[in-house]
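Novice: Contents of final25.tsv (TSV, C-alpha atoms) are below:
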```tsv
chain	number	residue	atom	x	y	z
A	28	MET	CA	20.62	38.12	96.03
A	29	ASN	CA	20.05	34.57	97.01
A	30	LYS	CA	18.53	31.82	94.89
A	31	LYS	CA	15.16	31.84	96.67
A	32	LYS	CA	14.50	35.49	95.83
A	33	VAL	CA	15.26	34.91	92.15
A	34	VAL	CA	12.72	32.08	91.93
A	35	LEU	CA	10.03	34.18	93.59
A	36	ILE	CA	10.63	37.12	91.23
A	37	CYS	CA	10.32	34.83	88.16
A	38	LEU	CA	7.09	33.33	89.44
A	39	GLY	CA	5.68	36.77	90.04
A	40	ILE	CA	6.54	37.93	86.52
A	41	LEU	CA	4.91	34.81	85.05
A	42	VAL	CA	1.70	35.36	87.04
A	43	ILE	CA	1.50	39.02	86.03
A	44	ALA	CA	1.99	38.12	82.32
A	45	THR	CA	-0.71	35.47	82.47
A	46	LEU	CA	-3.17	37.88	84.06
A	47	ALA	CA	-2.39	40.54	81.49
A	48	VAL	CA	-3.03	38.16	78.53
A	49	PHE	CA	-6.28	36.95	80.06
A	50	LEU	CA	-7.42	40.53	80.60
A	51	ILE	CA	-6.67	41.49	77.00
A	52	PHE	CA	-8.65	38.60	75.44
A	53	SER	CA	-11.55	38.85	77.89
A	54	THR	CA	-12.06	42.59	77.31
A	55	GLU	CA	-11.69	42.45	73.42
A	56	PRO	CA	-14.85	43.74	71.68
A	57	THR	CA	-16.89	41.15	69.80
A	58	ALA	CA	-17.03	41.94	66.13
A	59	LYS	CA	-19.54	40.65	63.64
A	60	SER	CA	-17.98	39.49	60.46
A	61	GLU	CA	-19.87	40.33	57.32
A	62	GLY	CA	-18.74	38.60	54.14
A	63	ALA	CA	-20.00	38.31	50.64
A	64	THR	CA	-19.86	34.98	48.84
A	65	LYS	CA	-19.78	35.43	45.06
A	66	LYS	CA	-21.55	32.90	42.94
A	67	THR	CA	-20.35	33.45	39.32
A	68	ALA	CA	-21.60	31.34	36.36
A	69	MET	CA	-18.93	29.43	34.44
A	70	LEU	CA	-17.85	30.95	31.14
A	71	VAL	CA	-18.27	28.47	28.25
A	72	SER	CA	-18.40	28.35	24.48
A	73	VAL	CA	-21.43	26.89	22.73
A	74	GLU	CA	-22.37	25.79	19.23
A	75	LYS	CA	-25.87	25.88	17.86
A	76	VAL	CA	-27.03	22.72	16.08
A	77	GLU	CA	-29.77	22.03	13.57
A	78	LYS	CA	-31.32	18.98	11.96
A	79	GLY	CA	-30.82	18.32	8.29
A	80	THR	CA	-29.47	15.96	5.65
A	81	PHE	CA	-25.74	15.32	5.79
A	82	THR	CA	-23.22	13.19	3.90
A	83	PRO	CA	-20.88	11.25	6.20
A	84	GLU	CA	-17.26	10.63	5.30
A	85	PHE	CA	-15.24	7.56	6.26
A	86	ILE	CA	-11.47	7.98	6.36
A	87	THR	CA	-9.22	4.93	6.34
A	88	THR	CA	-5.94	3.74	4.85
A	89	GLY	CA	-5.14	1.18	2.20
A	90	THR	CA	-2.58	-0.22	-0.21
A	91	VAL	CA	-2.27	0.45	-3.94
A	92	GLN	CA	-2.58	-2.72	-6.05
A	93	ALA	CA	-2.48	-3.46	-9.77
A	94	VAL	CA	-5.69	-4.60	-11.44
A	95	GLU	CA	-3.71	-6.40	-14.17
A	96	ASP	CA	-0.47	-7.89	-12.90
A	97	ILE	CA	1.24	-10.64	-14.89
A	98	ARG	CA	4.48	-12.54	-15.03
A	99	LEU	CA	5.59	-12.57	-18.67
A	100	SER	CA	6.62	-16.13	-19.61
A	101	ALA	CA	8.28	-17.73	-22.64
A	102	GLN	CA	6.04	-20.14	-24.58
A	103	VAL	CA	8.91	-21.39	-26.79
A	104	SER	CA	12.60	-21.91	-26.09
A	105	GLY	CA	15.56	-20.30	-27.81
A	106	GLU	CA	17.97	-17.37	-27.81
A	107	VAL	CA	16.76	-13.80	-27.35
A	108	ILE	CA	17.94	-11.93	-30.45
A	109	GLN	CA	16.13	-8.63	-29.87
A	110	ARG	CA	14.97	-6.57	-26.87
A	111	MET	CA	13.01	-3.35	-27.25
A	112	PRO	CA	14.44	-0.29	-25.43
A	113	GLU	CA	11.23	0.18	-23.40
A	114	PHE	CA	11.44	-3.33	-21.95
A	115	VAL	CA	13.27	-2.16	-18.82
A	116	PRO	CA	12.01	-1.51	-15.27
A	117	GLY	CA	9.85	1.61	-15.36
A	118	GLY	CA	9.29	1.45	-19.11
A	119	LEU	CA	5.82	2.12	-20.51
A	120	VAL	CA	4.62	-0.11	-23.37
A	121	LYS	CA	1.49	-0.15	-25.51
A	122	LYS	CA	-0.76	-3.12	-26.15
A	123	GLY	CA	0.65	-5.25	-28.99
A	124	GLU	CA	4.08	-3.59	-28.88
A	125	VAL	CA	7.03	-5.98	-29.43
A	126	LEU	CA	9.06	-6.54	-26.26
A	127	LEU	CA	11.37	-9.46	-27.13
A	128	LYS	CA	12.19	-11.68	-30.10
A	129	ILE	CA	13.46	-15.26	-29.84
A	130	ASN	CA	15.51	-16.68	-32.72
A	131	PRO	CA	12.81	-17.95	-35.15
A	132	ALA	CA	15.08	-19.97	-37.51
A	133	ASP	CA	14.28	-23.39	-36.04
A	134	TYR	CA	10.58	-22.63	-35.97
A	135	ARG	CA	10.55	-21.49	-39.60
A	136	ASN	CA	12.20	-24.77	-40.60
A	137	ARG	CA	9.66	-26.78	-38.61
A	138	LEU	CA	6.85	-24.89	-40.26
A	139	ALA	CA	8.28	-25.64	-43.70
A	140	LEU	CA	8.60	-29.33	-42.79
A	141	ARG	CA	5.02	-29.50	-41.53
A	142	LYS	CA	3.75	-27.83	-44.69
A	143	SER	CA	5.64	-30.40	-46.76
A	144	GLU	CA	4.04	-33.21	-44.76
A	145	LEU	CA	0.62	-31.64	-45.28
A	146	SER	CA	1.25	-31.39	-49.00
A	147	GLN	CA	2.23	-35.07	-49.11
A	148	THR	CA	-0.92	-36.19	-47.27
A	149	GLN	CA	-3.10	-34.06	-49.55
A	150	THR	CA	-1.48	-35.77	-52.55
A	151	ASP	CA	-2.14	-39.16	-50.97
A	152	LEU	CA	-5.76	-38.11	-50.53
A	153	LYS	CA	-6.08	-37.25	-54.21
A	154	ILE	CA	-4.61	-40.64	-55.18
A	155	GLU	CA	-7.01	-42.40	-52.85
A	156	MET	CA	-9.94	-40.52	-54.31
A	157	GLY	CA	-8.90	-41.86	-57.74
A	158	ARG	CA	-8.83	-45.36	-56.36
A	159	GLN	CA	-12.28	-44.75	-54.95
A	160	ASN	CA	-13.63	-44.06	-58.45
A	161	ILE	CA	-12.06	-47.27	-59.80
A	162	ALA	CA	-13.50	-49.27	-56.92
A	163	GLU	CA	-16.97	-47.92	-57.60
A	164	GLN	CA	-16.68	-48.91	-61.25
A	165	ASP	CA	-15.50	-52.41	-60.32
A	166	LEU	CA	-18.38	-52.80	-57.90
A	167	ALA	CA	-20.83	-51.80	-60.58
A	168	LEU	CA	-19.39	-54.41	-63.02
A	169	ILE	CA	-19.54	-57.34	-60.61
A	170	GLY	CA	-22.86	-56.31	-59.09
A	171	GLY	CA	-23.03	-55.59	-55.41
A	172	ASP	CA	-26.45	-56.89	-54.56
A	173	THR	CA	-25.07	-60.08	-53.01
A	174	LEU	CA	-22.50	-58.27	-50.85
A	175	SER	CA	-23.06	-57.15	-47.28
A	176	GLU	CA	-22.59	-53.54	-46.21
A	177	LYS	CA	-19.26	-54.43	-44.61
A	178	GLN	CA	-18.05	-56.13	-47.81
A	179	LYS	CA	-19.16	-53.16	-49.91
A	180	SER	CA	-17.20	-50.85	-47.56
A	181	LEU	CA	-14.06	-52.91	-48.09
A	182	VAL	CA	-14.52	-53.06	-51.86
A	183	LEU	CA	-15.01	-49.28	-52.02
A	184	ARG	CA	-11.84	-48.75	-49.87
A	185	GLN	CA	-13.69	-46.65	-47.31
A	186	PRO	CA	-11.27	-47.55	-44.42
A	187	GLN	CA	-8.31	-46.44	-46.56
A	188	LEU	CA	-10.10	-43.16	-47.36
A	189	ALA	CA	-10.83	-42.51	-43.67
A	190	ALA	CA	-7.18	-43.15	-42.75
A	191	ILE	CA	-5.93	-40.72	-45.42
A	192	LYS	CA	-8.37	-38.02	-44.28
A	193	ALA	CA	-7.17	-38.46	-40.68
A	194	GLN	CA	-3.58	-38.02	-41.84
A	195	VAL	CA	-4.52	-34.82	-43.66
A	196	ALA	CA	-6.26	-33.45	-40.53
A	197	SER	CA	-3.21	-34.32	-38.41
A	198	ALA	CA	-0.89	-32.64	-40.89
A	199	LYS	CA	-3.04	-29.47	-40.86
A	200	ALA	CA	-2.94	-29.38	-37.06
A	201	ALA	CA	0.84	-29.78	-37.15
A	202	VAL	CA	1.10	-26.85	-39.57
A	203	ASN	CA	-1.11	-24.69	-37.33
A	204	GLN	CA	1.00	-25.56	-34.28
A	205	ALA	CA	4.21	-24.76	-36.16
A	206	GLN	CA	2.77	-21.39	-37.23
A	207	LEU	CA	1.70	-20.68	-33.64
A	208	ASN	CA	5.17	-21.51	-32.28
A	209	LEU	CA	6.73	-19.24	-34.91
A	210	GLN	CA	4.43	-16.40	-33.81
A	211	ARG	CA	5.39	-17.03	-30.19
A	212	THR	CA	9.00	-16.18	-30.93
A	213	THR	CA	7.81	-12.57	-30.98
A	214	ILE	CA	6.69	-11.56	-27.47
A	215	ARG	CA	4.27	-8.62	-27.33
A	216	ALA	CA	2.67	-6.58	-24.55
A	217	PRO	CA	-0.82	-7.98	-23.79
A	218	PHE	CA	-2.12	-4.57	-22.66
A	219	ASP	CA	-0.95	-1.02	-21.99
A	220	ALA	CA	1.50	-1.63	-19.19
A	221	GLN	CA	4.42	-0.51	-17.11
A	222	VAL	CA	7.43	-2.80	-16.81
A	223	ILE	CA	8.13	-3.59	-13.16
A	224	SER	CA	10.98	-6.07	-13.68
A	225	GLN	CA	13.05	-7.41	-16.61
A	226	ASN	CA	14.84	-10.74	-16.25
A	227	VAL	CA	16.35	-11.36	-19.73
A	228	THR	CA	18.32	-9.39	-22.26
A	229	LEU	CA	19.99	-9.80	-25.66
A	230	GLY	CA	21.63	-13.23	-25.95
A	231	SER	CA	19.74	-14.83	-23.05
A	232	GLN	CA	18.74	-18.47	-23.49
A	233	VAL	CA	15.15	-19.01	-22.42
A	234	ALA	CA	13.07	-22.14	-21.95
A	235	VAL	CA	9.33	-22.65	-21.92
A	236	GLY	CA	7.86	-21.16	-18.74
A	237	ASP	CA	10.87	-18.97	-17.89
A	238	ASN	CA	10.01	-15.69	-16.14
A	239	LEU	CA	10.92	-12.91	-18.56
A	240	GLY	CA	9.64	-9.98	-16.47
A	241	ARG	CA	6.65	-8.45	-14.70
A	242	LEU	CA	4.07	-6.14	-16.27
A	243	VAL	CA	1.23	-4.22	-14.61
A	244	GLY	CA	-1.64	-2.58	-16.46
A	245	ILE	CA	-1.77	1.22	-16.31
A	246	GLU	CA	-5.40	1.77	-17.28
A	247	GLU	CA	-6.50	1.54	-13.66
A	248	TYR	CA	-5.26	0.55	-10.21
A	249	TRP	CA	-7.02	-0.72	-7.11
A	250	VAL	CA	-6.71	0.58	-3.57
A	251	GLN	CA	-7.68	-2.07	-1.02
A	252	ILE	CA	-8.98	-0.73	2.29
A	253	ASN	CA	-10.56	-2.23	5.42
A	254	LEU	CA	-13.72	-0.95	7.12
A	255	PRO	CA	-15.91	-2.18	9.99
A	256	VAL	CA	-18.74	-4.38	8.75
A	257	ARG	CA	-21.32	-2.06	10.36
A	258	ASN	CA	-20.34	0.72	7.93
A	259	LEU	CA	-20.96	-1.31	4.77
A	260	LYS	CA	-24.64	-0.37	4.59
A	261	TRP	CA	-23.65	3.26	4.12
A	262	LEU	CA	-21.47	2.59	1.07
A	263	GLN	CA	-22.72	2.96	-2.48
A	264	PHE	CA	-21.26	0.32	-4.82
A	265	PRO	CA	-21.92	0.20	-8.60
A	266	GLU	CA	-24.56	-2.21	-9.82
A	267	ASP	CA	-22.42	-3.32	-12.78
A	268	SER	CA	-18.90	-2.87	-14.12
A	269	GLN	CA	-19.98	-0.01	-16.40
A	270	GLU	CA	-21.08	2.23	-13.53
A	271	PHE	CA	-19.14	4.15	-10.90
A	272	GLY	CA	-19.64	3.77	-7.17
A	273	ALA	CA	-19.37	6.55	-4.60
A	274	PRO	CA	-16.39	8.89	-5.13
A	275	VAL	CA	-13.29	8.41	-2.98
A	276	LYS	CA	-10.53	10.96	-2.43
A	277	ILE	CA	-7.08	9.33	-2.39
A	278	LYS	CA	-4.23	11.10	-0.61
A	279	ASN	CA	-0.62	10.30	0.23
A	280	ASN	CA	0.11	12.36	3.33
A	281	SER	CA	3.78	11.36	3.43
A	282	SER	CA	4.67	12.25	-0.16
A	283	TRP	CA	2.10	14.57	-1.74
A	284	ASP	CA	1.29	18.19	-1.03
A	285	ALA	CA	-1.64	18.88	1.27
A	286	ASN	CA	-3.92	19.93	-1.61
A	287	GLU	CA	-2.97	17.04	-3.92
A	288	TYR	CA	-5.24	14.04	-4.31
A	289	ARG	CA	-6.55	11.48	-6.80
A	290	THR	CA	-10.19	10.56	-7.32
A	291	GLY	CA	-11.26	6.93	-7.19
A	292	TYR	CA	-14.58	5.12	-7.00
A	293	LEU	CA	-15.97	2.31	-4.87
A	294	TYR	CA	-15.75	-0.86	-6.94
A	295	ARG	CA	-16.34	-4.11	-5.05
A	296	GLN	CA	-16.58	-5.63	-1.60
A	297	VAL	CA	-14.33	-8.67	-1.27
A	298	GLY	CA	-16.40	-11.66	-0.17
A	299	ALA	CA	-14.27	-12.50	2.88
A	300	LEU	CA	-13.18	-10.61	5.99
A	301	ASP	CA	-9.58	-9.90	6.81
A	302	ARG	CA	-8.48	-12.85	8.96
A	303	GLN	CA	-6.47	-10.76	11.39
A	304	THR	CA	-8.58	-7.62	11.84
A	305	ARG	CA	-12.03	-9.12	11.05
A	306	LEU	CA	-12.76	-6.04	8.98
A	307	ALA	CA	-14.47	-5.95	5.59
A	308	ARG	CA	-12.16	-5.58	2.59
A	309	ILE	CA	-13.13	-2.99	-0.03
A	310	LEU	CA	-11.67	-2.35	-3.49
A	311	ILE	CA	-11.49	1.20	-4.84
A	312	LYS	CA	-10.86	1.68	-8.57
A	313	VAL	CA	-8.62	4.58	-9.61
A	314	PRO	CA	-8.62	5.33	-13.37
A	315	ASN	CA	-5.45	6.50	-15.12
A	316	PRO	CA	-3.28	6.05	-12.01
A	317	LEU	CA	-0.13	7.38	-13.68
A	318	GLY	CA	-1.82	10.51	-15.03
A	319	ASN	CA	-0.59	9.89	-18.56
A	320	THR	CA	-3.61	11.35	-20.39
A	321	THR	CA	-6.05	13.92	-19.09
A	322	GLU	CA	-4.61	14.26	-15.57
A	323	GLU	CA	-1.01	15.09	-16.32
A	324	ASN	CA	-0.71	17.38	-13.31
A	325	LYS	CA	-2.06	14.82	-10.89
A	326	PRO	CA	0.32	12.87	-8.63
A	327	LYS	CA	1.10	9.31	-9.70
A	328	LEU	CA	0.12	6.23	-7.73
A	329	ILE	CA	2.79	3.61	-7.03
A	330	ILE	CA	2.14	-0.09	-6.59
A	331	ASP	CA	2.23	-1.19	-2.91
A	332	ASP	CA	2.18	2.43	-1.69
A	333	PHE	CA	0.28	3.25	1.52
A	334	VAL	CA	-2.44	5.90	1.01
A	335	GLU	CA	-5.38	7.51	2.78
A	336	ALA	CA	-8.91	7.10	1.40
A	337	SER	CA	-11.81	9.46	2.20
A	338	ILE	CA	-15.07	7.78	1.19
A	339	GLU	CA	-18.29	9.68	0.58
A	340	ALA	CA	-21.12	7.69	2.20
A	341	LYS	CA	-24.86	7.72	1.55
A	342	PRO	CA	-26.66	10.85	2.85
A	343	ILE	CA	-28.44	10.63	6.23
A	344	GLU	CA	-31.71	12.53	6.60
A	345	ASN	CA	-33.26	14.26	9.61
A	346	VAL	CA	-30.25	14.07	11.94
A	347	VAL	CA	-28.11	16.50	13.91
A	348	GLN	CA	-24.46	16.60	12.83
A	349	LEU	CA	-22.25	17.12	15.87
A	350	ASN	CA	-18.47	17.23	16.10
A	351	ARG	CA	-17.50	13.93	17.69
A	352	ASP	CA	-15.23	15.79	20.14
A	353	TYR	CA	-18.36	17.23	21.78
A	354	LEU	CA	-19.78	13.77	22.44
A	355	ARG	CA	-19.31	13.02	26.15
A	356	SER	CA	-19.11	9.75	28.05
A	357	ASN	CA	-22.03	7.31	27.92
A	358	ASN	CA	-23.39	8.94	24.75
A	359	THR	CA	-24.25	12.22	26.45
A	360	VAL	CA	-24.04	15.83	25.28
A	361	TRP	CA	-23.76	18.99	27.40
A	362	VAL	CA	-26.38	21.57	26.47
A	363	MET	CA	-26.79	25.13	27.74
A	364	GLU	CA	-30.48	25.45	28.58
A	365	ASN	CA	-31.84	28.59	30.32
A	366	LYS	CA	-28.23	29.51	31.14
A	367	LYS	CA	-27.76	26.25	32.99
A	368	LEU	CA	-26.06	22.98	32.17
A	369	ALA	CA	-28.29	20.14	30.98
A	370	ILE	CA	-26.79	16.70	30.42
A	371	ARG	CA	-28.66	15.02	27.56
A	372	GLU	CA	-28.56	11.39	26.55
A	373	VAL	CA	-28.58	11.08	22.77
A	374	LYS	CA	-29.22	8.32	20.23
A	375	ILE	CA	-26.48	8.03	17.64
A	376	LYS	CA	-27.15	6.66	14.17
A	377	LEU	CA	-23.57	6.80	12.87
A	378	ILE	CA	-20.14	8.11	13.77
A	379	ASP	CA	-17.74	8.90	10.93
A	380	ALA	CA	-14.24	10.35	10.86
A	381	HIS	CA	-15.30	13.78	12.19
A	382	PHE	CA	-18.93	13.83	13.28
A	383	ALA	CA	-21.63	11.98	15.18
A	384	TYR	CA	-25.06	11.87	13.55
A	385	ILE	CA	-27.74	12.10	16.24
A	386	THR	CA	-31.40	11.16	15.77
A	387	GLU	CA	-32.73	11.76	19.30
A	388	GLY	CA	-31.72	13.97	22.22
A	389	LEU	CA	-30.96	17.20	20.34
A	390	LYS	CA	-33.21	19.56	18.43
A	391	ASP	CA	-32.86	22.66	16.29
A	392	GLU	CA	-31.22	25.67	17.93
A	393	ASP	CA	-29.91	23.68	20.91
A	394	LYS	CA	-26.71	25.19	22.26
A	395	VAL	CA	-24.14	22.44	22.74
A	396	VAL	CA	-21.37	23.25	25.20
A	397	THR	CA	-18.00	22.84	23.50
A	398	THR	CA	-15.85	23.81	26.49
A	399	ASN	CA	-14.49	21.19	28.86
A	400	ILE	CA	-15.70	22.13	32.35
A	401	SER	CA	-14.71	20.76	35.75
A	402	THR	CA	-18.10	20.73	37.46
A	403	VAL	CA	-20.46	18.55	35.45
A	404	THR	CA	-23.84	18.59	37.18
A	405	ASN	CA	-27.31	19.32	35.91
A	406	GLY	CA	-28.28	22.91	36.75
A	407	VAL	CA	-24.78	24.39	37.05
A	408	PRO	CA	-24.97	28.10	36.00
A	409	LEU	CA	-23.35	28.89	32.69
A	410	ARG	CA	-22.67	31.98	30.65
A	411	ILE	CA	-21.16	32.78	27.29
A	412	GLU	CA	-18.83	35.58	26.24
A	413	ASP	CA	-21.63	37.94	25.18
A	414	ASP	CA	-23.54	37.58	28.44
A	415	ALA	CA	-23.01	40.08	31.28
A	416	PRO	CA	-21.42	38.51	34.39
A	417	THR	CA	-23.90	37.29	37.00
A	418	THR	CA	-24.43	39.84	39.81
A	419	PRO	CA	-22.79	38.50	43.01
A	420	SER	CA	-25.18	37.61	45.84
A	421	THR	CA	-24.30	38.47	49.50
A	422	GLU	CA	-24.81	36.22	52.50
A	423	THR	CA	-24.26	37.50	56.09
A	424	GLU	CA	-22.74	35.21	58.63
```
Kindly transcribe the structure held in the file into C-alpha cells.
Specialist:
Amino acid sequence: MNKKKVVLICLGILVIATLAVFLIFSTEPTAKSEGATKKTAMLVSVEKVEKGTFTPEFITTGTVQAVEDIRLSAQVSGEVIQRMPEFVPGGLVKKGEVLLKINPADYRNRLALRKSELSQTQTDLKIEMGRQNIAEQDLALIGGDTLSEKQKSLVLRQPQLAAIKAQVASAKAAVNQAQLNLQRTTIRAPFDAQVISQNVTLGSQVAVGDNLGRLVGIEEYWVQINLPVRNLKWLQFPEDSQEFGAPVKIKNNSSWDANEYRTGYLYRQVGALDRQTRLARILIKVPNPLGNTTEENKPKLIIDDFVEASIEAKPIENVVQLNRDYLRSNNTVWVMENKKLAIREVKIKLIDAHFAYITEGLKDEDKVVTTNISTVTNGVPLRIEDDAPTTPSTETE
C-alpha cells in the first residue's frame, strides 16, 4: 500500500468521526432541568433582655501601700545596750512596746547636773528676795517721793530680781531637756506595727538621726488603683473619715485561691492624675490587712504586692444590662425581630468590666442575638433551636 492511499484512508476516518459526533449532539433530546433552591434561616442563639436597676462593677489592678510607714530614727547618741526580740524583720510590735535601749548613764548624769544648777538658781532667787525686802525697808526710811521711777527700780533691785528669775527659768528648761533626752534613750513603737527592716543590734553605736529600722502600721493598709476620670462620678466615697465608702473586693490572682478575697472600702481620690497614664488615682482602705484579729482565716496583704480590685459602683436605674461581648461595632446590637435580623443602634450610659448599660435602642423582652453570624444584613431570616426548620421553597428554571 502506497503512501497516498494511507493518507486518503485517514482523512476518510476523520470525516466519518466528525459526522458521527455532530449527529449525536444534534439528535440529543432537550431536557428541562428542574431544581429546587433551599432557603434555610440561620440558626442562632438569643438572650432576652429587660430594663431594671443594676449595680455596675469596675475591675482594675493596684498596689498595696502602708498607711503609716516610718523610718525609726535615733534622737540621742550612744551605744545600744538592749534590743527586744520582736525588733527583727517581720516582727509584730504593740504601741508603746520597747524596741531598743541606748546607754542612759551619760544622760542620767546630765540630768543630775541640771537639777543641781536649778537648785542653785532657786537658792539665789531666795537670797535675792531677801535683799528685796531690805531694799524696800531702806527706801521707806529715806523716803522715795523725790526719786524717779527708774531710780526706785534700781533701789529696789528689780533688774537683779529679773535676772535671777531668768536664770531659774533657764535652769528649769535645761532640766526638762535633760529628762527628755533620758527618756529618748528608750525607743518605743509609736503604733501597732510590723518591722520591715532592722539596721542596728546590741552594741551598735548610733548618732542622732541614724536610721534604726522601718515600721509600718498594721491597723489598715491602702491599695492605690487607677481609673478613667469618666468613671469617677459612679464611685461612692465617704463624706468623712468615720464613714465607709463603697465596698471593694481585693483579690490576688497569682497567690490566693480563687474564692479568697479581702474586703476594702473606697477612701479618697488623690487630687492629681497619674502623669504617665493620665488616669485618676484612687485610695482603697483595707482594715486589719494581716488578719490578726477577727479575720484570722483571711489571706494577708503584703506591702508593694500587686492585686486586683473589684469596685461596686452606684446603681443605675431604668437601663438594659447587656453582656459587652454582644455589643457590635459602631454601638449596634443584633436583635431577632419577627424571626429576622434587625440591627439596632443603641445609646450606652456606661460600660463596666462585664456589661454595657443601655438607655435607648433596646426594650423589655427584646431577643439579642448572641451568635456571631457571617451575613449581617437587616431582614436576614433567623431561627433558634426550638423553632422548626423553614420549609424549603422551590424555583423552576
Novice: When distances are computed from all atoms listed in the file, which of A:Leu140, A:Val235, A:Val407, A:Leu254 shows the smallest separation from Ala101 (chain A)?
Specialist: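 Nearest candidate to Ala101 (chain A) out of A:Leu140, A:Val235, A:Val407, A:Leu254: A:Val235.
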Novice: Which polymer residues have any atom within 12 Å of an atom of Ser197 (chain A), counting all atoms listed in the file, with same-chain residues fewer than 4 positions away left out, as a list of chain:residue names?
Specialist: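 These residues fall inside the cut-off: A:Arg141, A:Lys142, A:Glu144, A:Leu145, A:Ser146, A:Thr148, A:Gln149, A:Ala190, A:Ile191, A:Lys192, A:Ala193, A:Ala201, A:Val202, A:Asn203, A:Gln204.
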Novice: With all atoms listed in the file as the counted atoms, please give the residues lying no more than 8 Å from Lys366 (chain A), apart from itself and same-chain residues fewer than 3 positions off, as a PyMOL selection string.
Specialist: chain A and resi 363+408-410
Novice: Give me, as JSON, numbers by chain, all polymer residues having an atom no more than 12 Å from region 124-136 of chain A, counting all atoms listed in the file and skipping those fewer than 5 positions away in the same chain.
Specialist: {"A": [99, 100, 101, 102, 103, 104, 105, 106, 107, 108, 109, 110, 111, 112, 113, 114, 115, 118, 119, 141, 142, 143, 202, 203, 204, 205, 206, 207, 208, 209, 210, 211, 212, 213, 214, 215, 216, 217, 218, 219, 220, 221, 222, 225, 226, 227, 228, 229, 230, 231, 232, 233, 234, 235, 239, 240, 241, 242]}
Novice: Check the smallest atom-to-atom distance from each of A:Val362, A:Ala273, A:Ile378, A:Val91 to Ile252 (chain A) using only C-alpha atoms, then report the winner.
Specialist: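 Looking at the shortest contact to Ile252 (chain A), the residue is A:Val91.
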Novice: Skip Asn350 (chain A) itself and residues of its chain fewer than 2 positions away, then list as a list of chain:residue names all residues within 6 Å of it, counting all atoms listed in the file.
Specialist: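 So, after excluding close chain neighbours, the residues are A:Asp352, A:Tyr353, A:Phe382.
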Novice: Could you check the closest approach to Ile375 (chain A) for each of A:Ile411, A:Ala47, A:Ile343, A:Leu70 and tell me which residue wins, using all atoms listed in the file?
Specialist: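 The shortest atom-to-atom distance to Ile375 (chain A) comes from A:Ile343.
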Novice: Report, in Å to a single decimal, how far apart CA of Gly388 (chain A) and CA of Pro255 (chain A) are.
Specialist: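 CA of Pro255 (chain A) sits 25.7 Å away from CA of Gly388 (chain A).
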Novice: For CA of Gln296 (chain A) and CA of Phe264 (chain A), determine how far apart the two atoms are, in Å to one decimal place.
Specialist: 8.2 Å
Novice: Report as a ChimeraX atom specification all protein, DNA and RNA residues lying within 9 Å of Lys376 (chain A), evaluated on all atoms listed in the file, omitting residues in the same chain fewer than 5 positions from it.
Specialist: /A:343,346,383-386
Novice: Give the answer as one residue: which of A:Ile223, A:Ala93, A:Gln187, A:Asn286 has the shortest atom-to-atom distance to Leu310 (chain A), using all atoms listed in the file?
Specialist: A:Ala93
Novice: What's the separation between CA of Ala68 (chain A) and CA of Asn365 (chain A), in Å to one decimal place?
Specialist: 12.2 Å
Novice: (-21.3, 1.1, 7.4) in this file's frame - what residues fall within 12 Å of it? Use only C-alpha atoms and give the answer as a list of chain:residue names.
Specialist: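 Residues found, by chain and rising number: A:Pro83, A:Glu84, A:Phe85, A:Asn253, A:Leu254, A:Pro255, A:Val256, A:Arg257, A:Asn258, A:Leu259, A:Lys260, A:Trp261, A:Leu262, A:Gln263, A:Leu306, A:Ala307, A:Ile309, A:Ile338, A:Glu339, A:Ala340, A:Lys341, A:Ile343, A:Lys376, A:Leu377, A:Ile378, A:Asp379.
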Novice: From the options A:Asn238, A:Ser268, A:Asn279, A:Ser72, which residue's atoms come nearest to Ile97 (chain A), counting all atoms listed in the file?
Specialist: A:Asn238
Novice: Looking at only C-alpha atoms, which of A:Lys199, A:Lys367, A:Lys278, A:Arg98 is the one that sits closest to Lys394 (chain A)?
Specialist: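 Among the listed residues, A:Lys367 lies closest to Lys394 (chain A).
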Novice: Would you be able to write out as a short mmCIF file (atom, residue, chain, number, x, y, z; two decimals) with C-alpha atoms, keeping the file's coordinate frame which residues have an atom within 7 Å of (-12.1, 10.5, -0.1) in the file's coordinates, counting only C-alpha atoms?
Specialist:
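Now in point-v1.cif:
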```cif
data_model
loop_
_atom_site.label_atom_id
_atom_site.label_comp_id
_atom_site.auth_asym_id
_atom_site.auth_seq_id
_atom_site.Cartn_x
_atom_site.Cartn_y
_atom_site.Cartn_z
CA ILE A 86 -11.47 7.98 6.36
CA PRO A 274 -16.39 8.89 -5.13
CA VAL A 275 -13.29 8.41 -2.98
CA LYS A 276 -10.53 10.96 -2.43
CA ILE A 277 -7.08 9.33 -2.39
CA ALA A 336 -8.91 7.10 1.40
CA SER A 337 -11.81 9.46 2.20
CA ILE A 338 -15.07 7.78 1.19
CA GLU A 339 -18.29 9.68 0.58
#
```
